[in-house]
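Structure first, commentary second.
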Amino acid sequence: MPVRLSSLFLRTLREDPADADVESHKLLLRAGYIRRAGAGLYSWLPLGLAVKAKIEQVIREEMARAGAQEVFFPALLPREPFEATGRWTEYGDNLFRLQDRKKGDYLLAPTHEEMFTLMVKDLYSSYKDLPVCLYQIQNKYRDEARPRAGLLRGREFVMKDAYSFDIDDEGLAKAYQAQRDAYERIFNRLGVDYVVVKADAGAMGGSASEEFLSPSPIGEDTFVRSAGGYAANVEAVKTVAPAAKSIDGLPEAEVLDTPNTPTIETLVEYFNSVHGKNITAADTLKNVVLALTSPEGKRSLVIVGVPGDREVDAKRAEAAFGPNEVEPANDADFEKYPALVKGYIGPVKIEGVRYLIDPRVVDGTSWVTGANEKGKHVYGLVAGRDFVADGIADIAEVREGDASPDGSGPLHLARGIEIGHVFQLGRKYAEALGLQVLDENGKLVTVTMGSYGIGVTRLVAVLAEANHDDKGLIWPEAVSPADVYIVAAGKDDHVFEAAEKLAAEFEAAGKSVILDDRQKVSPGVKFSDAELVGVPHVVICGKGLENGEVDHWNRRSGERSAVALNSAVQHIFS
RNA sequence: CGGGAUGUGGCUCAACUUGGUAGAGCACCUGUUUUGGGUACAGGGGGUUGCAGGUUCAAAUCCUGUCAUCCCGACCA
């Protein structure tokens, strides 16, 4: 049966809702796909549900092809498993917590690593059972500090999350690759533009992690790519260090008076005008004091020397120093270490404070930097001769034009929306929850895991964002709420009869149909709604019937062409 | 959590500065009209103005508090 607009639960809006800001959000609301239920919460109407179901179907098919089996966990979970992995605490305010009538603690799951791990532990105990890969498509809950852009970042959202379980690293690598391949097939089939970027593997160390980002100016993630094919998250970019230089013959460092120069800008200006030098911000070494807070709550300081023309990138710092929390040192921190002269800090050795440098600060490079004395800076301080760092901290911002780590050309910055993430988890959860199996020697070994996510509802927004014009949505065929949208344009009964008959023909050919059979609605309204709803193929059944013709209207190109009524199905879907 | 903005029928907004029975367009209902680009006309239903206090003869409007929403930032396996 076709979906009939005369009875479909739908009300299109002429005007943009005031609380929607990005195009995909406005159009999904105006075209009657979703309604806002609360901040970051959305109700799904029949059309929206149809699109979501299409996406889920593609995912299911490709998961099956990759050998993953579908399961389903509750979204409402008891506290215990999350206590075991420490995430009851770790998740902080982002976790929706609640209690049952007996005052027992529960949570709305933000993700399901624990449950999958426990399920496998529950049922399997031999290497013969592995590998296994399980997934579900389910609602997730995260109490985001700031939901935004409609479906793009909600507090409830649908995610496909898959987990692989293997006996060894080699198996994990294979499972990872299988999921990665499936993701490529999924996104290709859905018609979504994407890039695969290297992501930071976090505290796990060494594990592979890649994100699938859909390039978009409204994206929240910044990534870099080179013409040669390198792509990475800014957190994961490794700075290309220049070759070390010889320190032979370099002039001695000199300490110079530089009153009132607490910033790089004032310093450069002062050096050039008063001391007759010719330096730029890039010649200075800025020493940034950061406070790290460990998961146990221990606070310590670290100083990082970066070229003065670059800021420290907060995300890169978090990634580099994880699992510690990172923030700029505050006044209390400075008071504890009087040796740190704010605004005039140079490379220093202080008990309990590590001094790290940017990879660009190689031996033999000469710097203008603080003299650890108020109002004084050093000129010509040479790395490897005048100071040696405790290590490298690659946390300076990545810039347009920086060299790519693999030598494939300069990097370009772009914004993207994360639509998928594949990640070799390793043994973190298996260890925390005691997931072990017997190997072929009868020895207990800890299972290694991978986790693989796709943001299903986010994909609806991404697809809408990438496929619309000023009139409305234009869905890719794979996700359109119907294959064809038939408009009965006229008032005579024979128009409606012909439209019904045509709808039946499309359906007989296996095509789903939305039929605008509204009796007392003017053609203009029907055309506008057709554009708004965004089914790629529209068939107008009206005037042309006199000649035994209907109009095929390509929503994307805007072209309209008359086709014979009796060959419309073949014409459009041949 | 910091900064900014906004809360008035289902939607988009006006009235608030200067207190005096809450209004328009869209949507909805009825009738006539129109039928290949949001037809036209007439009639109609629907709002205790986010909430709670306060000032006043009188509060959408002034004051205090509170809640919510949106945007920017921080945060975000």
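Residue names in the structure tokens use chain letters A, B, ... in the order shown, residue numbers from 1 in each chain, and ligand numbers from 1 in the order shown.
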Select residues of chain B: the criterion is any atom within 12 Å of an atom of chain A, counting only C-alpha atoms (C1' of nucleotides); output as a list in words.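 Filtering chain B at 12 Å from chain A with only C-alpha atoms (C1' of nucleotides) gives C1, A5, U6, G7, G10, C11, U12, C13, G25, C26, A27, C28, U33, U34, U35, G36, G37, G38, U39, A68, U69, C70, C71, C72, G73, A74, C75, C76 and A77 of chain B.
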Compile the contact shell of Ala430 in chain A as a list in words: residues with an atom at most 7 Å away, counting only C-alpha atoms (C1' of nucleotides), same-chain residues fewer than 6 positions apart removed.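 Surrounding residues, per the criterion: Thr117, Thr446, Val447 and Thr448 of chain A.
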Of the candidates A:Ala64, A:Ala320, A:Ala432, A:Ala393, which shows the shortest atom-to-atom distance to Phe82 in chain A, using only C-alpha atoms? A:Ala432
Counting only C-alpha atoms (C1' of nucleotides), which of B:G4, B:U32, B:A60, B:A14 gets nearest to U48 in chain B?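 For U48 in chain B, the nearest of the given residues is B:A60.
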Per DSSP on the backbone, what are the alpha helix (DSSP H) residues of range 14-236 of chain A, as a PyMOL selection string? chain A and resi 23-30+46-65+80-84+87-90+113-123+169-190
Suppose you want the space between CA of Tyr379 in chain A and CA of Ile395 in chain A; what is it in Å?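 Calculated distance between CA of Tyr379 in chain A and CA of Ile395 in chain A is 24.3 Å.
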Long-range neighbours of G45 in chain B as a list in words, 12 Å cut-off, only C-alpha atoms (C1' of nucleotides), 6 positions minimum in chain: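 The residues that qualify are G9, C28, C29 and U30 of chain B.
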For the atom pair CA of Arg354 in chain A and CA of His377 in chain A, what is the interatomic distance in Å to one decimal place?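 Here the two named atoms are 20.9 Å from each other.
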Residue with the minimum atom-to-atom distance to Glu318 in chain A, picked from A:Ala396, A:Leu356, A:Val195, A:Val368 with only C-alpha atoms counted, is A:Ala396
Which residues are close to C16 in chain B, i.e. within 12 Å by only C-alpha atoms (C1' of nucleotides), leaving aside same-chain residues fewer than 4 positions away? Reply as an MDAnalysis selection string. chainID B and resid 8 49 59:62
Same residues, C-alpha atoms (C1' of nucleotides), saved as an mmCIF file, in the first residue's frame:
```cif
data_model
loop_
_atom_site.group_PDB
_atom_site.id
_atom_site.type_symbol
_atom_site.label_atom_id
_atom_site.label_comp_id
_atom_site.auth_asym_id
_atom_site.auth_seq_id
_atom_site.Cartn_x
_atom_site.Cartn_y
_atom_site.Cartn_z
ATOM 1 C "C1'" U B 8 3.011 35.592 24.265
ATOM 2 C "C1'" U B 49 1.513 35.824 28.050
ATOM 3 C "C1'" A B 59 0.653 43.632 35.275
ATOM 4 C "C1'" A B 60 2.215 40.269 28.964
ATOM 5 C "C1'" U B 61 4.216 45.202 30.310
ATOM 6 C "C1'" C B 62 7.476 47.389 36.372
#
```
